[in-house]
Each structure stands twice: as structure tokens, then as C-alpha cells.
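Containing compact mmCIF, C-alpha atoms and all ligand atoms: entry_6.txt.
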# COMPACT_ATOMS: atom_id res chain seq x y z
CA MET V 14 -22.68 -5.69 -15.57
CA SER V 15 -21.59 -2.78 -13.42
CA GLY V 16 -18.88 -4.91 -11.89
CA HIS V 17 -17.17 -5.26 -15.23
CA LYS V 18 -17.29 -1.80 -16.66
CA HIS V 19 -14.31 0.43 -16.83
CA CYS V 20 -14.12 4.16 -16.69
CA HIS V 21 -14.34 6.50 -19.65
CA ILE V 22 -12.63 9.80 -19.24
CA PRO V 23 -15.24 12.52 -18.81
CA ASP V 24 -14.91 15.07 -21.61
CA THR V 25 -17.65 17.65 -21.18
CA PRO V 26 -15.96 20.90 -20.10
CA GLY V 27 -18.11 23.11 -17.90
CA LEU V 28 -20.23 20.28 -16.55
CA CYS V 29 -21.45 21.46 -13.16
CA ALA V 30 -24.08 21.31 -10.45
CA GLY V 31 -27.62 21.13 -11.79
CA ASN V 32 -26.66 19.31 -15.00
CA TYR V 33 -28.23 15.96 -15.83
CA GLY V 34 -27.76 13.09 -18.23
CA ARG V 35 -25.13 10.89 -19.76
CA PRO V 36 -22.11 13.21 -19.36
CA VAL V 37 -22.90 13.37 -15.65
CA GLU V 38 -23.13 9.58 -15.53
CA GLU V 39 -19.72 9.34 -17.16
CA LEU V 40 -18.20 11.73 -14.67
CA GLN V 41 -19.82 9.82 -11.82
CA ALA V 42 -18.53 6.53 -13.20
CA TYR V 43 -15.03 7.95 -13.28
CA LEU V 44 -15.28 9.29 -9.73
CA GLN V 45 -16.70 5.97 -8.58
CA CYS V 46 -13.95 4.07 -10.31
CA PHE V 47 -11.24 5.87 -8.36
CA GLY V 48 -12.90 5.97 -4.97
CA TYR V 49 -14.49 9.44 -4.90
CA LEU V 50 -18.12 8.37 -5.16
CA HIS V 51 -19.91 5.34 -3.83
CA LEU V 52 -21.51 2.75 -6.08
CA GLU V 53 -22.89 -0.53 -4.85
CA LYS V 54 -21.23 -3.68 -6.13
CA PHE V 55 -18.72 -1.81 -8.24
CA GLN V 56 -15.30 -3.43 -8.38
CA PRO V 57 -15.89 -5.62 -5.35
CA ALA V 58 -12.23 -6.57 -5.21
CA PHE V 59 -11.41 -3.09 -3.98
CA ALA V 60 -14.36 -2.96 -1.57
CA ALA V 61 -12.16 -2.66 1.51
CA VAL V 62 -10.37 0.35 0.07
CA ARG V 63 -13.63 1.98 -0.94
CA ASP V 64 -15.11 1.40 2.49
CA VAL V 65 -12.21 3.27 4.05
CA ALA V 66 -12.61 6.07 1.56
CA GLY V 67 -16.20 6.53 2.77
CA ALA V 68 -17.16 8.19 -0.49
CA PRO V 69 -20.58 9.85 -0.75
CA SER V 70 -23.42 8.26 -2.73
CA ALA V 71 -24.80 10.20 -5.65
CA GLU V 72 -27.99 9.96 -7.68
CA SER V 73 -27.03 8.48 -11.03
CA GLY V 74 -27.11 11.04 -13.83
CA ALA V 75 -27.73 14.02 -11.54
CA PHE V 76 -24.92 16.48 -10.80
CA ASP V 77 -25.99 16.65 -7.16
CA ASP V 78 -24.17 17.81 -4.01
CA ALA V 79 -22.50 14.44 -3.59
CA THR V 80 -21.14 14.63 -7.13
CA THR V 81 -19.91 18.18 -6.57
CA ASN V 82 -18.21 17.16 -3.35
CA ALA V 83 -16.66 14.10 -4.98
CA LEU V 84 -15.31 16.21 -7.84
CA LYS V 85 -13.93 18.78 -5.38
CA SER V 86 -12.33 15.99 -3.44
CA TYR V 87 -10.70 14.70 -6.66
CA GLN V 88 -9.48 18.21 -7.47
CA HIS V 89 -8.17 18.62 -3.96
CA PHE V 90 -6.28 15.32 -4.09
CA PHE V 91 -4.51 16.40 -7.27
CA GLU V 92 -3.96 19.97 -6.08
CA LEU V 93 -6.23 21.46 -8.73
CA GLU V 94 -8.47 24.40 -7.96
CA ASP V 95 -11.44 22.74 -6.25
CA THR V 96 -14.15 24.40 -8.30
CA GLY V 97 -16.54 21.47 -8.24
CA VAL V 98 -16.89 22.07 -11.99
CA LEU V 99 -15.54 19.72 -14.64
CA ASP V 100 -13.08 22.28 -16.00
CA GLU V 101 -10.27 21.80 -18.52
CA PRO V 102 -7.45 21.32 -15.97
CA THR V 103 -9.49 18.59 -14.29
CA ILE V 104 -10.20 16.81 -17.58
CA ALA V 105 -6.49 17.06 -18.45
CA LYS V 106 -5.59 15.44 -15.13
CA MET V 107 -8.13 12.67 -15.70
CA ARG V 108 -6.51 11.94 -19.05
CA GLU V 109 -3.14 11.19 -17.45
CA PRO V 110 -2.18 7.52 -17.27
CA ARG V 111 -2.61 6.21 -13.77
CA CYS V 112 -2.98 3.25 -11.44
CA GLY V 113 -6.37 1.57 -11.15
CA PHE V 114 -6.23 1.31 -7.37
CA PRO V 115 -8.78 3.72 -5.86
CA ASP V 116 -7.57 6.87 -4.12
CA ILE V 117 -8.50 7.48 -0.50
CA PRO V 118 -9.67 11.09 -0.73
CA SER V 119 -10.60 11.30 2.94
CA ASP V 120 -7.02 10.50 3.89
CA PRO V 121 -7.72 8.56 7.06
CA GLY V 122 -4.02 8.10 7.76
CA ILE V 123 -1.77 5.16 8.18
CA ALA V 124 -3.22 3.91 11.44
CA GLU V 125 -6.53 3.00 9.81
CA PHE V 126 -4.82 0.83 7.23
CA VAL V 127 -2.96 -1.05 9.87
CA ALA V 128 -6.14 -1.46 11.84
CA GLN V 129 -7.73 -3.02 8.78
CA GLY V 130 -5.00 -5.59 8.65
CA ASN V 131 -3.50 -4.34 5.42
CA ARG V 132 -0.11 -5.81 6.06
CA TRP V 133 1.67 -9.11 5.75
CA ASP V 134 2.32 -10.81 9.05
CA LYS V 135 5.67 -12.09 7.82
CA LEU V 136 8.73 -10.52 6.29
CA THR V 137 9.73 -13.23 3.83
CA LEU V 138 7.34 -12.97 0.91
CA THR V 139 7.08 -15.02 -2.25
CA TYR V 140 5.84 -14.05 -5.70
CA GLY V 141 5.12 -15.91 -8.87
CA PHE V 142 4.30 -15.16 -12.49
CA GLY V 143 1.07 -15.86 -14.31
CA GLU V 144 0.65 -14.52 -17.86
CA LEU V 145 3.60 -12.51 -19.18
CA THR V 146 3.66 -9.77 -21.78
CA PRO V 147 4.98 -10.43 -25.29
CA ASP V 148 6.48 -6.92 -25.22
CA LEU V 149 9.45 -8.18 -23.23
CA ASP V 150 11.30 -11.45 -22.88
CA ALA V 151 10.87 -13.33 -19.64
CA ALA V 152 14.34 -12.49 -18.37
CA ALA V 153 13.74 -8.76 -18.84
CA ILE V 154 10.42 -9.00 -17.00
CA ARG V 155 12.00 -10.89 -14.12
CA SER V 156 14.81 -8.39 -13.89
CA ALA V 157 12.36 -5.46 -13.86
CA ILE V 158 10.27 -7.09 -11.15
CA THR V 159 13.34 -7.80 -9.03
CA THR V 160 14.50 -4.20 -9.41
CA ALA V 161 11.08 -2.94 -8.36
CA LEU V 162 10.83 -5.22 -5.34
CA ASN V 163 14.34 -4.34 -4.23
CA LEU V 164 13.34 -0.69 -3.88
CA TRP V 165 11.09 -1.80 -1.00
CA ALA V 166 13.41 -4.51 0.29
CA ASN V 167 16.27 -2.02 0.56
CA VAL V 168 14.47 0.11 3.12
CA THR V 169 12.72 -2.60 5.14
CA ALA V 170 13.38 -6.03 6.57
CA LEU V 171 11.22 -7.55 3.80
CA THR V 172 12.66 -10.11 1.40
CA PHE V 173 11.11 -11.41 -1.82
CA THR V 174 11.63 -14.75 -3.49
CA GLU V 175 10.22 -16.04 -6.76
CA VAL V 176 8.47 -19.41 -6.60
CA PRO V 177 6.39 -21.35 -9.13
CA LEU V 178 2.62 -20.82 -9.08
CA SER V 179 2.27 -24.39 -7.84
CA ALA V 180 3.96 -23.28 -4.62
CA GLU V 181 1.16 -20.77 -4.01
CA PRO V 182 3.14 -17.55 -3.89
CA ASP V 183 1.96 -14.72 -1.66
CA PHE V 184 1.37 -12.57 -4.69
CA VAL V 185 0.86 -13.39 -8.32
CA ILE V 186 2.00 -11.09 -11.12
CA ARG V 187 -0.07 -11.16 -14.32
CA PHE V 188 -0.21 -9.25 -17.58
CA VAL V 189 -3.87 -9.36 -18.59
CA ALA V 190 -6.27 -7.43 -20.80
CA GLY V 191 -9.87 -6.30 -20.41
CA ASP V 192 -12.03 -8.38 -18.10
CA HIS V 193 -9.68 -10.74 -16.34
CA GLY V 194 -11.93 -12.13 -13.67
CA ASP V 195 -11.47 -9.81 -10.70
CA GLY V 196 -14.32 -7.39 -11.38
CA SER V 197 -11.94 -4.62 -12.36
CA SER V 198 -11.47 -4.69 -16.11
CA PHE V 199 -8.58 -3.04 -17.86
CA ASP V 200 -9.36 -0.38 -20.42
CA GLY V 201 -7.07 -0.90 -23.40
CA ILE V 202 -4.25 1.43 -24.32
CA GLY V 203 -3.59 4.28 -21.90
CA GLN V 204 -5.35 5.54 -18.78
CA VAL V 205 -5.36 2.65 -16.30
CA LEU V 206 -2.00 0.87 -16.51
CA ALA V 207 -2.14 -1.60 -13.66
CA HIS V 208 -3.61 -2.36 -10.26
CA ALA V 209 -2.74 -4.42 -7.24
CA PHE V 210 -4.48 -5.71 -4.15
CA TYR V 211 -3.81 -5.15 -0.48
CA PRO V 212 -2.35 -7.88 1.71
CA PRO V 213 -4.69 -10.31 3.47
CA PRO V 214 -7.32 -10.36 4.73
CA ASN V 215 -8.44 -7.79 2.15
CA GLY V 216 -8.72 -8.86 -1.43
CA GLY V 217 -9.39 -12.52 -0.57
CA ALA V 218 -7.54 -14.86 -2.88
CA LEU V 219 -6.32 -11.83 -4.84
CA ALA V 220 -4.51 -10.37 -1.84
CA GLY V 221 -1.16 -8.97 -2.84
CA ASP V 222 -1.67 -9.81 -6.51
CA CYS V 223 -0.44 -7.37 -9.12
CA HIS V 224 -2.02 -7.03 -12.57
CA PHE V 225 -0.62 -5.10 -15.52
CA ASP V 226 -2.76 -4.07 -18.47
CA ALA V 227 -1.44 -6.27 -21.29
CA ASN V 228 -2.64 -3.72 -23.84
CA GLU V 229 0.01 -1.24 -22.74
CA ASN V 230 3.38 -1.19 -24.40
CA TRP V 231 5.71 -2.23 -21.56
CA THR V 232 9.37 -1.42 -21.70
CA VAL V 233 12.51 -1.52 -19.59
CA ALA V 234 14.42 0.78 -21.93
CA LEU V 235 15.66 4.16 -20.74
CA PRO V 236 14.87 6.73 -21.86
CA VAL V 237 11.33 5.36 -22.16
CA PRO V 238 10.21 5.23 -25.79
CA ASP V 239 7.16 7.32 -26.74
CA GLY V 240 3.90 5.60 -25.91
CA ALA V 241 5.55 2.97 -23.72
CA PHE V 242 5.51 2.66 -19.94
CA ASP V 243 8.42 1.81 -17.70
CA LEU V 244 7.68 -1.56 -16.15
CA VAL V 245 10.05 -1.02 -13.21
CA THR V 246 8.30 2.22 -12.22
CA VAL V 247 4.77 0.88 -12.50
CA ALA V 248 5.67 -2.41 -10.81
CA ALA V 249 7.36 -0.63 -7.90
CA HIS V 250 4.22 1.49 -7.43
CA GLU V 251 1.92 -1.53 -7.57
CA PHE V 252 4.03 -3.50 -5.10
CA GLY V 253 3.52 -0.61 -2.70
CA HIS V 254 -0.18 -1.58 -2.74
CA SER V 255 0.69 -5.29 -2.51
CA LEU V 256 2.52 -4.43 0.70
CA GLY V 257 -0.30 -2.33 2.15
CA LEU V 258 0.26 1.26 1.03
CA ALA V 259 -2.51 3.42 -0.36
CA HIS V 260 -1.98 6.33 -2.74
CA SER V 261 0.06 9.25 -1.55
CA LYS V 262 -1.02 12.84 -2.09
CA VAL V 263 2.61 13.88 -2.24
CA VAL V 264 3.39 14.93 -5.80
CA GLY V 265 6.50 13.11 -6.93
CA ALA V 266 6.09 10.20 -4.52
CA LEU V 267 6.23 6.81 -6.17
CA MET V 268 2.83 6.11 -4.57
CA PHE V 269 1.21 9.14 -6.27
CA PRO V 270 -1.63 7.75 -8.43
CA THR V 271 -0.55 9.06 -11.83
CA TYR V 272 2.36 7.98 -13.99
CA SER V 273 4.63 10.71 -15.27
CA GLY V 274 7.63 8.87 -16.62
CA ALA V 275 10.29 6.55 -15.29
CA GLN V 276 10.87 6.88 -11.55
CA ARG V 277 12.91 4.01 -10.25
CA ALA V 278 13.38 5.29 -6.73
CA LEU V 279 11.40 5.80 -3.56
CA THR V 280 10.92 9.25 -2.09
CA GLN V 281 11.05 9.97 1.63
CA ASP V 282 7.26 9.84 1.68
CA ASP V 283 7.30 6.29 0.30
CA ILE V 284 9.98 5.25 2.77
CA ASP V 285 8.09 6.76 5.70
CA GLY V 286 4.96 4.96 4.55
CA ILE V 287 6.47 1.52 4.22
CA ARG V 288 8.41 1.86 7.47
CA SER V 289 5.20 2.67 9.27
CA ILE V 290 4.13 -0.85 8.36
CA TYR V 291 7.30 -2.95 8.35
CA PRO V 292 10.52 -2.92 10.33
CA ARG V 293 13.70 -1.42 8.97
CA PRO V 294 16.43 -3.67 7.62
CA GLY V 295 17.93 -5.69 10.43
CA ALA V 296 15.61 -4.17 12.99
CA PHE V 297 14.35 -7.47 14.27
CA MET V 298 17.03 -9.83 13.11
CA ALA V 299 17.51 -11.34 16.52
CA GLY V 300 13.78 -11.50 16.89
CA PHE V 301 12.04 -13.54 19.47
CA HIS V 302 14.95 -14.11 21.79
CA VAL V 303 15.86 -10.47 21.87
CA LEU V 304 12.35 -9.52 22.79
CA LYS V 305 12.29 -12.19 25.45
CA ALA V 306 15.61 -10.96 26.80
CA LEU V 307 14.44 -7.39 26.58
CA ALA V 308 11.31 -8.13 28.51
CA ILE V 309 13.20 -9.96 31.22
CA GLU V 310 15.90 -7.35 31.38
CA VAL V 311 13.44 -4.55 31.56
CA LEU V 312 11.17 -6.09 34.11
CA ASP V 313 13.96 -7.33 36.35
CA ARG V 314 16.38 -4.49 36.27
CA TYR V 315 14.73 -1.19 35.73
CA THR V 316 11.91 0.85 37.09
CA GLU V 317 10.18 3.23 34.79
CA GLU V 318 12.02 6.11 36.45
CA ASP V 319 15.35 4.41 35.76
CA LEU V 320 14.44 3.94 32.15
CA LEU V 321 13.34 7.48 31.72
CA GLU V 322 16.58 8.66 33.22
CA ARG V 323 18.62 6.37 31.01
CA TYR V 324 16.70 6.82 27.77
CA GLY V 325 14.95 9.99 28.75
CA ARG V 326 12.99 11.07 25.75
CA ASN V 327 9.46 10.83 24.61
CA LEU V 328 8.63 8.15 22.19
CA ASN V 329 7.39 9.06 18.76
CA ASP V 330 6.62 6.84 15.82
CA ASP V 331 10.13 7.01 14.41
CA THR V 332 11.91 5.98 17.55
CA GLN V 333 9.84 2.85 18.14
CA LEU V 334 12.11 0.69 16.07
CA ASP V 335 15.30 2.60 16.80
CA PHE V 336 14.65 1.92 20.40
CA LEU V 337 15.54 -1.73 19.93
CA GLY V 338 19.09 -0.47 19.60
CA ILE V 339 19.39 -0.63 23.35
CA THR V 340 19.39 -4.38 23.11
CA GLU V 341 22.59 -4.49 21.10
CA GLU V 342 24.49 -5.96 24.02
CA VAL V 343 21.76 -8.48 24.66
CA ARG V 344 21.55 -9.25 21.00
CA GLY V 345 25.22 -10.12 20.79
CA GLN V 346 24.79 -12.83 23.39
CA LEU V 347 21.97 -14.55 21.62
CA ALA V 348 21.57 -16.83 18.72
CA GLU V 349 19.89 -15.29 15.72
CA PRO V 350 16.59 -16.82 14.78
CA THR V 351 15.17 -15.63 11.49
CA ASN V 352 12.60 -12.94 10.99
CA GLU V 353 10.24 -15.68 9.91
CA ALA V 354 10.53 -17.35 13.30
CA PHE V 355 9.99 -14.04 14.98
CA PHE V 356 6.79 -13.28 13.18
CA SER V 357 5.42 -16.79 13.49
CA VAL V 358 5.78 -16.59 17.26
CA PHE V 359 4.94 -12.93 17.51
CA PRO V 360 2.12 -12.17 15.13
CA GLN V 361 0.88 -9.59 17.61
CA TRP V 362 4.22 -7.80 17.69
CA THR V 363 3.41 -5.81 14.62
CA HIS V 364 0.16 -4.81 16.19
CA VAL V 365 2.07 -3.67 19.24
CA SER V 366 4.71 -1.80 17.36
CA ILE V 367 2.52 0.09 14.99
CA GLN V 368 -0.69 0.66 16.78
CA ASP V 369 -0.70 0.25 20.52
CA THR V 370 2.53 2.10 21.10
CA LYS V 371 1.06 5.25 19.63
CA GLY V 372 -0.62 5.71 22.98
CA CYS V 373 2.67 5.36 24.86
CA LYS V 374 3.91 8.67 26.19
CA THR V 375 7.20 7.45 27.57
CA ILE V 376 9.73 4.84 26.72
CA GLY V 377 8.88 3.18 30.01
CA GLU V 378 5.27 2.74 28.99
CA TYR V 379 6.45 1.35 25.72
CA ILE V 380 8.78 -1.18 27.26
CA THR V 381 6.14 -2.28 29.71
CA LEU V 382 3.75 -2.87 26.85
CA VAL V 383 6.33 -4.79 24.84
CA ALA V 384 7.22 -6.86 27.86
CA LYS V 385 3.57 -7.66 28.48
CA HIS V 386 3.14 -8.89 24.94
CA ALA V 387 6.38 -10.81 25.17
CA GLN V 388 5.10 -12.61 28.23
CA ILE V 389 1.84 -13.43 26.53
CA ALA V 390 3.71 -14.81 23.55
CA LEU V 391 6.14 -16.71 25.76
CA SER V 392 3.37 -18.41 27.68
CA GLY V 393 1.79 -19.38 24.36
CA ALA V 394 5.04 -20.63 22.88
CA ASN V 395 5.86 -22.77 25.91
CA LYS V 396 2.62 -24.72 25.82
ZN ZN V 401 -1.68 2.80 -7.28
ZN ZN V 402 -6.95 -7.25 -12.04
Would you put the structure from the file into C-alpha cells?
Ligand SMILES: [Zn+2]
Ligand SMILES: [Zn+2]
Amino acid sequence: MSGHKHCHIPDTPGLCAGNYGRPVEELQAYLQCFGYLHLEKFQPAFAAVRDVAGAPSAESGAFDDATTNALKSYQHFFELEDTGVLDEPTIAKMREPRCGFPDIPSDPGIAEFVAQGNRWDKLTLTYGFGELTPDLDAAAIRSAITTALNLWANVTALTFTEVPLSAEPDFVIRFVAGDHGDGSSFDGIGQVLAHAFYPPPNGGALAGDCHFDANENWTVALPVPDGAFDLVTVAAHEFGHSLGLAHSKVVGALMFPTYSGAQRALTQDDIDGIRSIYPRPGAFMAGFHVLKALAIEVLDRYTEEDLLERYGRNLNDDTQLDFLGITEEVRGQLAEPTNEAFFSVFPQWTHVSIQDTKGCKTIGEYITLVAKHAQIALSGANK
């Protein structure tokens, strides 16, 4: 049964270390629900996220050290005073409507998510609709979803296309209530509004899927009517998860866990996050052939000293993609395969760009690494 329960908001002010009983269990259930405490077999669909969170295990019903630490970690995440006591400000925060995706209180950083494979290995993604909400007509829902997806598409090379469910879209959008078969039940009006699942391989068949609590009153009207939730805002947040982002600790970021009104825009934090996973618009448009040309050009024409002299600067995360700018001249001479072609030939490119290059101290090291991977891919593609 534990897999199907949802979280009640703890409401016993003053609950603290040394207390026992049902109120403690409720607090623990809440902390477990959102990734701050460990509970076996709870919401298995989010297991990968919970594993990363590395939350402590507590004794059920006992306000032990693990529970205190989990509560402090919750308070820290939301910039409350980390008293380790269930005080009024903490209860008030817990009452705020929020996303059902667990937080990652230990904040392992972006690199860990990439290492887990929480990203799509292609840039052209498809989505489809399951159950809709009677609150809005289908055209309004589609428009809201398109608006939300475009926030991400505008700052990356990602594109999104609607297809029928029969075409097996990458992610499925559903409005569902209560227990809807993924081990993470919705809770009726308020509190948890929606959740979404990471890209493959995490989440299994649910990867990328986005579920909205059908018991909420969804709207696209601005200003948002009392008691209703802006579908564009919540959808844009959830698609951040569908694309591989976890919750941000930055208050005001779209990827902050709680909902505080319509916010139909990304913040710099959201943009930095998504660009750590996917290329910028146009970054790889010439794709495979550019990389091939780059590798050949680099290996044939320049020594590392030459390159340092020409592009003499250290490489940091932001310049990895900008660096491809040097191939403008090469790019102009080449045909333009699609991003899709690029990623189908170069699945390891993303691995190179995000992860391996972090160890590169100079642009020369970076180019050498890219060239090496290009050669590997070339030898594979020519077979
Ligand atoms: Zn979320
Ligand atoms: Zn669900």
C-alpha cells in the first residue's frame, strides 16, 4: 500500500526531536514524499531521483536524528531557519502548492544528472496527449502546452512536435486523478499539482511523461482566477523535469518546487540549467560534417600551441558550445545535415560536451578530445 499513498501536510506545530507517534509518521511521510527521507518501495517511479538524493533512513514514528536532519534539510532548501523543529513557518511552506517531483536536498550538481543519463539523446522530441481536463477545451490545452514547450525550445536546439499516441511519442501528457498507475497518486485539490519523469533510461516507460492532477482547476486565463492554477506555468516547470532538470533552489526560478502564481518565463538559472544539458539554438546545426571537418582541420593544421595562441583562453563550461563558432568558415562550405542526423551518429557527443570536457584545461585539450571522439564515430559510421 505504501506505494500508493500520498502525503498529508504535517500540522503539529512544535513537533521535535524525541517525539513519537502518528504526527511524527505524518511528518516523515511528507519528508519521504519529497525526497528528504528514505523509505523503501515508496513511489518507485521516482527511485532514480531518490537514489541521487541519498536521503537518510528514519525509524518510523520516532523523531530521530535522521528525521531532524531531513527536516533541517527541507528548511534549508526553502531558506527557512533550519531549526529541525516543525515550526509554523515550515508548516506554512509545506502548505504551499507544489510539484510532486522529489527535491534533491543534497544538491549533487548538474554533472551527476548527466552521468545518470537524465537527458534525451536527440533534439527533436515528440509529445502526445492522453486524458485531457474538462476545465479547458482541447485547443486551449494544446496552446498552453505549446507555449510552455517553446520556453525551452527558444533557448536550446530542442524542437517539439505533437504526434498521436499511436506514434509512441517521447512523452505523454495526461490529466489524471488519485492513483493513476505510476505509484505516485495525486492528492485531490491543492498541494501536489503535477509531476513529470526524467528522460530515459530513468522512469522506464514513463520517461519524460508529464501528469497533471485532474482535481485541480486548470486555467489559461490571466490574471489567474482564485483557486485556479496556470497551466502554462505548471506545464513549463514539469517539462523541465521531462528534459532532465531537477528542482532549483533559486527562489523565483521556474524550476523552484513551489507554485506561486503565473510565471510564463524562464529565469537565468533555468536557462543555465537546460543549456548544461542541451546545445543552444543553432549550435550544432551543421552537425556531423562540421565535427568531422573540425577534427580534420584541427589535427592537420594546428598544434596545441598554435591553438592556444589563436584561441588563447581557458575553457569553462559556457565556452564549450561557443567554441564551435570557430568552425563558421568550415560550416559555410558544408551541407547541413539535421540535428537528428548528428545525434544519431554522435550519441557520445553529448557525453563529450557535457562531461568529459570538464576535465579539459585548455582549448587544445578540448579539441583533441573532440577530434578523438569524431574519429571513433567516423570509423563506426563508415563500417
Ligand atoms: Zn517539479
Ligand atoms: Zn503520475
Using all atoms listed in the file, pick whichever of V:Gly48, V:Asp100, V:Ala190, V:Val62 has the shortest atom-to-atom distance to V:Pro23. V:Asp100
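Comparing the minimum interatomic distances between V:Glu181 and each of V:Ala218, V:Ile104, V:Cys223, V:Ala278, counting all atoms listed in the file, we find that V:Ala218 sits nearest.
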Within 9 Å of ligand ZN 401 (chain V) (only C-alpha atoms and all ligand atoms), residues as a PDB file with C-alpha atoms, in the coordinates of the input:
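Output (result38.pdb):
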ATOM      1  CA  ARG V 111      -2.610   6.210 -13.770  1.00  0.00           C
ATOM      2  CA  CYS V 112      -2.980   3.250 -11.440  1.00  0.00           C
ATOM      3  CA  GLY V 113      -6.370   1.570 -11.150  1.00  0.00           C
ATOM      4  CA  PHE V 114      -6.230   1.310  -7.370  1.00  0.00           C
ATOM      5  CA  PRO V 115      -8.780   3.720  -5.860  1.00  0.00           C
ATOM      6  CA  ASP V 116      -7.570   6.870  -4.120  1.00  0.00           C
ATOM      7  CA  ALA V 207      -2.140  -1.600 -13.660  1.00  0.00           C
ATOM      8  CA  HIS V 208      -3.610  -2.360 -10.260  1.00  0.00           C
ATOM      9  CA  ALA V 209      -2.740  -4.420  -7.240  1.00  0.00           C
ATOM     10  CA  VAL V 247       4.770   0.880 -12.500  1.00  0.00           C
ATOM     11  CA  HIS V 250       4.220   1.490  -7.430  1.00  0.00           C
ATOM     12  CA  GLU V 251       1.920  -1.530  -7.570  1.00  0.00           C
ATOM     13  CA  PHE V 252       4.030  -3.500  -5.100  1.00  0.00           C
ATOM     14  CA  GLY V 253       3.520  -0.610  -2.700  1.00  0.00           C
ATOM     15  CA  HIS V 254      -0.180  -1.580  -2.740  1.00  0.00           C
ATOM     16  CA  LEU V 258       0.260   1.260   1.030  1.00  0.00           C
ATOM     17  CA  ALA V 259      -2.510   3.420  -0.360  1.00  0.00           C
ATOM     18  CA  HIS V 260      -1.980   6.330  -2.740  1.00  0.00           C
ATOM     19  CA  SER V 261       0.060   9.250  -1.550  1.00  0.00           C
ATOM     20  CA  LEU V 267       6.230   6.810  -6.170  1.00  0.00           C
ATOM     21  CA  MET V 268       2.830   6.110  -4.570  1.00  0.00           C
ATOM     22  CA  PHE V 269       1.210   9.140  -6.270  1.00  0.00           C
ATOM     23  CA  PRO V 270      -1.630   7.750  -8.430  1.00  0.00           C
ATOM     24  CA  THR V 271      -0.550   9.060 -11.830  1.00  0.00           C
TER      25      THR V 271
END
So which residues touch V:Leu40 within 10 Å, counting all atoms listed in the file, skipping near sequence neighbours fewer than 2 positions away, as a ChimeraX atom specification? /V:20-25,28,35-38,42-46,74,76,80,84,99,104
What are the closest atom pairs, with distances in Å to one decimal, for each residue of chain V lying within 9 Å of ligand ZN 402 (chain V), using only C-alpha atoms and all ligand atoms, rows by chain and rising residue number, as a tab-separated table?
residue	atom	partner	partner_atom	distance
V:Ala58	CA	V:ZN402	ZN	8.7
V:Gly113	CA	V:ZN402	ZN	8.9
V:Arg187	CA	V:ZN402	ZN	8.2
V:Phe188	CA	V:ZN402	ZN	9.0
V:Val189	CA	V:ZN402	ZN	7.5
V:Ala190	CA	V:ZN402	ZN	8.8
V:Gly191	CA	V:ZN402	ZN	8.9
V:Asp192	CA	V:ZN402	ZN	8.0
V:His193	CA	V:ZN402	ZN	6.2
V:Gly194	CA	V:ZN402	ZN	7.2
V:Asp195	CA	V:ZN402	ZN	5.4
V:Gly196	CA	V:ZN402	ZN	7.4
V:Ser197	CA	V:ZN402	ZN	5.6
V:Ser198	CA	V:ZN402	ZN	6.6
V:Phe199	CA	V:ZN402	ZN	7.4
V:Ala207	CA	V:ZN402	ZN	7.6
V:His208	CA	V:ZN402	ZN	6.2
V:Ala209	CA	V:ZN402	ZN	7.0
V:Phe210	CA	V:ZN402	ZN	8.4
V:Leu219	CA	V:ZN402	ZN	8.6
V:Asp222	CA	V:ZN402	ZN	8.1
V:Cys223	CA	V:ZN402	ZN	7.1
V:His224	CA	V:ZN402	ZN	5.0
V:Phe225	CA	V:ZN402	ZN	7.5
V:Asp226	CA	V:ZN402	ZN	8.3
